[in-house]
Amino acid sequence: MKQTRSSLLADDEDRPRWLKKRRCDLHQWSDLPSELTEDIASRLLGYDVAEYLRFRAVCKAWRECTPHPRELDSRFRPLRWILLSSTSGDMRCRFLNIATGACIQVDLPEELAAGGQIQIECRTEGLLVLRDKVTDAIRLLNPLTKAVTDLPPITAAMANVIPAEKRVHAEIPWSLIAYAGISDETSPPTVAIFLRDMRLNIAYAKPGDRHWKLLDDKAWSTFPSSISRSDGQQLRYVNYLSVVTLRGRIYLVTYQGNILKLSIRPRPQLIPIVKDQTKHSMWHGRVLCSNVVSYLVPPNDDDHRMLMVRYYGDLTHLTDHEQRCIKRRKKNDLIKLPSKSPCRYNWRILQVFEVDIVRKKLVRVDGIADDRAVFIGDVACVSLSIDRFPSILGNTVYLGMNSCCAVGFGLCHLKDRTVEPRLEHVLESGRKAPLLVDISLFHLGRIVPFARPCTLEEYLVFSVGFKNGIKD
């Protein structure tokens, strides 16, 4: 029977008192003064964009007096959310809030997921950098707001880092996109894509641009190139390993520990922040190798500085006298790993620094803090509090799966420099995963944990070591 307005009112009179009071309270909340609503919204947005979205979802009145989350607006980037895992085809992803411990699953928008041609290339500021495998078009996806930023195809820029003899192949079987960053020096913000193959370069573009631009030779002239390949060709680039976007600026670190800023204005160029070069690198096959790798770790709040973790795979950069002296010290950065030879050890060095951007220097620290841990990897680096995640060990450096320095051990306790073995993992096919980092991994399939269910530690070491995280 169709209900009239009078019958609905009568039914309302018969409802419990608590329910009538709740309806009245909701009505009063929607009538909050716009100034107060805006103030509450801004406070929630300063804490986390997810809380801001929940606030706007309450009622139409609150949505009308608060800004709609726009594409690359820095206020709406999910800075505290990291990718943990993804399903086959990257259609569904799991994200973790490193500040609150909240965990959510997010489906890619249908217009992106259609056809299954979208691939996760990297992440920056909580955003997913997606590439269309057919057109090479780049899109940035905010997993919380579902806002999508369209950028031009990156085909020409990728061809720049591929040697001519390899361009005859129709498709390169591995990804050339290593990192991404967002610079707020321009409006709209500029997106930088870091490309890596036998050559390296940085492409940059803004929403609305028709093509990507590449850094020119002047932008790369920060450090004189003193390394030559076997054919005599000079290397005209900075060999970067880790990239971080911090407060609207893009920072990168070289293998040796030089920290640079990618400045977009007045012209795109690399500006040295910290010069701490160690001269020990060589060509091994097709890859520029070094006995040292360095990682930038962004702070997870405003109370901590950015960190740099530097790892030496041996002591060959030191003289015999320096090696003897450092081994005699009671407090040092040495890590002692067992060797196949009896009564002998493999020596490594693990150093941690605070990055003082203002004074342009590295500040040596003995440890992180008893309530903090860092995860470093070739895809991302994360710092988090063990108060929020008690299963994680404090004052500890965890090495990401498949990272450049995770062959000998999996984590290092900074208090006493003891180490623990890395987690066991296998290929998706069931075969044992190789220990060494090699480009052939792209042909072998995804690496997965040895057993499930996964611990948070496993999720995190895969998250910083692989673009897609663990496969769900």
# chains A, B, ... in the order shown; residues from 1 in each chain; ligands from 1
$ residues_around --residues "A:Val382" --least-positions-apart "2" --cutoff "10 Å" --atoms "only C-alpha atoms" --output "ChimeraX atom specification"
/A:80,82,98,296-300,373-377,380,384,398,460-461,463-464
$ closest_residue --among "A:Ser294, A:Asp416, A:Ala137, A:Glu457" --to "A:Leu393" --atoms "only C-alpha atoms"
A:Glu457
$ closest_atom_pairs --of "stretch 118-190 of chain A" --to "stretch 259-274 of chain A" --cutoff "12 Å" --atoms "only C-alpha atoms" --output "JSON lines"
{"residue": "A:Ala180", "atom": "CA", "partner": "A:Leu262", "partner_atom": "CA", "distance": 11.5}
{"residue": "A:Gly181", "atom": "CA", "partner": "A:Leu262", "partner_atom": "CA", "distance": 9.3}
{"residue": "A:Ile182", "atom": "CA", "partner": "A:Leu262", "partner_atom": "CA", "distance": 10.1}
{"residue": "A:Ser183", "atom": "CA", "partner": "A:Ile264", "partner_atom": "CA", "distance": 7.5}
{"residue": "A:Asp184", "atom": "CA", "partner": "A:Ile264", "partner_atom": "CA", "distance": 9.1}
{"residue": "A:Glu185", "atom": "CA", "partner": "A:Ile264", "partner_atom": "CA", "distance": 6.7}
{"residue": "A:Thr186", "atom": "CA", "partner": "A:Ile264", "partner_atom": "CA", "distance": 7.7}
{"residue": "A:Ser187", "atom": "CA", "partner": "A:Ile264", "partner_atom": "CA", "distance": 11.3}
{"residue": "A:Pro189", "atom": "CA", "partner": "A:Ile264", "partner_atom": "CA", "distance": 10.0}
{"residue": "A:Thr190", "atom": "CA", "partner": "A:Ile264", "partner_atom": "CA", "distance": 7.9}
$ write_last_selection --atoms "all heavy atoms" --output "PDB file, in the first residue's frame"
ATOM      1  N   ALA A 180      59.320   7.632 -10.072  1.00  0.00           N
ATOM      2  CA  ALA A 180      58.595   8.838 -10.476  1.00  0.00           C
ATOM      3  C   ALA A 180      58.616   9.820  -9.315  1.00  0.00           C
ATOM      4  O   ALA A 180      58.794   9.438  -8.154  1.00  0.00           O
ATOM      5  CB  ALA A 180      57.159   8.508 -10.880  1.00  0.00           C
ATOM      6  N   GLY A 181      58.447  11.085  -9.637  1.00  0.00           N
ATOM      7  CA  GLY A 181      58.370  12.127  -8.617  1.00  0.00           C
ATOM      8  C   GLY A 181      57.452  13.232  -9.086  1.00  0.00           C
ATOM      9  O   GLY A 181      57.176  13.367 -10.288  1.00  0.00           O
ATOM     10  N   ILE A 182      56.953  14.026  -8.144  1.00  0.00           N
ATOM     11  CA  ILE A 182      56.046  15.138  -8.456  1.00  0.00           C
ATOM     12  C   ILE A 182      56.634  16.417  -7.890  1.00  0.00           C
ATOM     13  O   ILE A 182      56.905  16.507  -6.690  1.00  0.00           O
ATOM     14  CB  ILE A 182      54.640  14.897  -7.869  1.00  0.00           C
ATOM     15  CG1 ILE A 182      54.064  13.578  -8.392  1.00  0.00           C
ATOM     16  CG2 ILE A 182      53.714  16.056  -8.222  1.00  0.00           C
ATOM     17  CD1 ILE A 182      52.723  13.225  -7.775  1.00  0.00           C
ATOM     18  N   SER A 183      56.851  17.393  -8.749  1.00  0.00           N
ATOM     19  CA  SER A 183      57.376  18.694  -8.334  1.00  0.00           C
ATOM     20  C   SER A 183      56.252  19.720  -8.321  1.00  0.00           C
ATOM     21  O   SER A 183      55.555  19.901  -9.321  1.00  0.00           O
ATOM     22  CB  SER A 183      58.490  19.149  -9.284  1.00  0.00           C
ATOM     23  OG  SER A 183      58.902  20.463  -8.973  1.00  0.00           O
ATOM     24  N   ASP A 184      56.089  20.390  -7.194  1.00  0.00           N
ATOM     25  CA  ASP A 184      55.079  21.437  -7.067  1.00  0.00           C
ATOM     26  C   ASP A 184      55.642  22.820  -7.374  1.00  0.00           C
ATOM     27  O   ASP A 184      55.027  23.832  -7.019  1.00  0.00           O
ATOM     28  CB  ASP A 184      54.490  21.417  -5.649  1.00  0.00           C
ATOM     29  CG  ASP A 184      53.658  20.168  -5.394  1.00  0.00           C
ATOM     30  OD1 ASP A 184      52.956  19.731  -6.318  1.00  0.00           O
ATOM     31  OD2 ASP A 184      53.725  19.617  -4.276  1.00  0.00           O
ATOM     32  N   GLU A 185      56.795  22.871  -8.026  1.00  0.00           N
ATOM     33  CA  GLU A 185      57.359  24.163  -8.423  1.00  0.00           C
ATOM     34  C   GLU A 185      56.529  24.817  -9.514  1.00  0.00           C
ATOM     35  O   GLU A 185      56.616  26.030  -9.717  1.00  0.00           O
ATOM     36  CB  GLU A 185      58.796  23.980  -8.914  1.00  0.00           C
ATOM     37  CG  GLU A 185      59.776  23.503  -7.861  1.00  0.00           C
ATOM     38  CD  GLU A 185      61.165  23.324  -8.432  1.00  0.00           C
ATOM     39  OE1 GLU A 185      61.819  24.334  -8.746  1.00  0.00           O
ATOM     40  OE2 GLU A 185      61.589  22.163  -8.592  1.00  0.00           O
ATOM     41  N   THR A 186      55.761  24.024 -10.251  1.00  0.00           N
ATOM     42  CA  THR A 186      54.956  24.551 -11.343  1.00  0.00           C
ATOM     43  C   THR A 186      53.479  24.330 -11.035  1.00  0.00           C
ATOM     44  O   THR A 186      53.112  23.572 -10.144  1.00  0.00           O
ATOM     45  CB  THR A 186      55.302  23.849 -12.665  1.00  0.00           C
ATOM     46  OG1 THR A 186      55.053  22.435 -12.523  1.00  0.00           O
ATOM     47  CG2 THR A 186      56.758  24.069 -13.022  1.00  0.00           C
ATOM     48  N   SER A 187      52.632  24.998 -11.776  1.00  0.00           N
ATOM     49  CA  SER A 187      51.181  24.812 -11.657  1.00  0.00           C
ATOM     50  C   SER A 187      50.608  24.632 -13.068  1.00  0.00           C
ATOM     51  O   SER A 187      50.696  25.544 -13.890  1.00  0.00           O
ATOM     52  CB  SER A 187      50.530  26.011 -10.978  1.00  0.00           C
ATOM     53  OG  SER A 187      49.144  25.814 -10.848  1.00  0.00           O
ATOM     54  N   PRO A 189      51.321  20.750 -11.253  1.00  0.00           N
ATOM     55  CA  PRO A 189      52.604  20.124 -10.907  1.00  0.00           C
ATOM     56  C   PRO A 189      53.221  19.376 -12.073  1.00  0.00           C
ATOM     57  O   PRO A 189      52.529  18.909 -12.980  1.00  0.00           O
ATOM     58  CB  PRO A 189      52.219  19.166  -9.766  1.00  0.00           C
ATOM     59  CG  PRO A 189      50.945  19.708  -9.208  1.00  0.00           C
ATOM     60  CD  PRO A 189      50.224  20.312 -10.374  1.00  0.00           C
ATOM     61  N   THR A 190      54.545  19.276 -12.039  1.00  0.00           N
ATOM     62  CA  THR A 190      55.284  18.548 -13.060  1.00  0.00           C
ATOM     63  C   THR A 190      55.588  17.139 -12.569  1.00  0.00           C
ATOM     64  O   THR A 190      56.032  16.956 -11.430  1.00  0.00           O
ATOM     65  CB  THR A 190      56.608  19.266 -13.386  1.00  0.00           C
ATOM     66  OG1 THR A 190      56.312  20.552 -13.942  1.00  0.00           O
ATOM     67  CG2 THR A 190      57.437  18.465 -14.383  1.00  0.00           C
TER      68      THR A 190
END
$ atom_distance --atom1 "atom CA of A:Ile470" --atom2 "atom CA of A:Ser86"
6.5 Å
$ closest_residue --among "A:Ala147, A:Ile357, A:Leu128, A:Leu200" --to "A:Tyr251" --atoms "only C-alpha atoms"
A:Ile357
$ select_by_dssp --residues "stretch 270-371 of chain A" --states "helix (DSSP H, G or I)" --output "ChimeraX atom specification"
/A:320-328
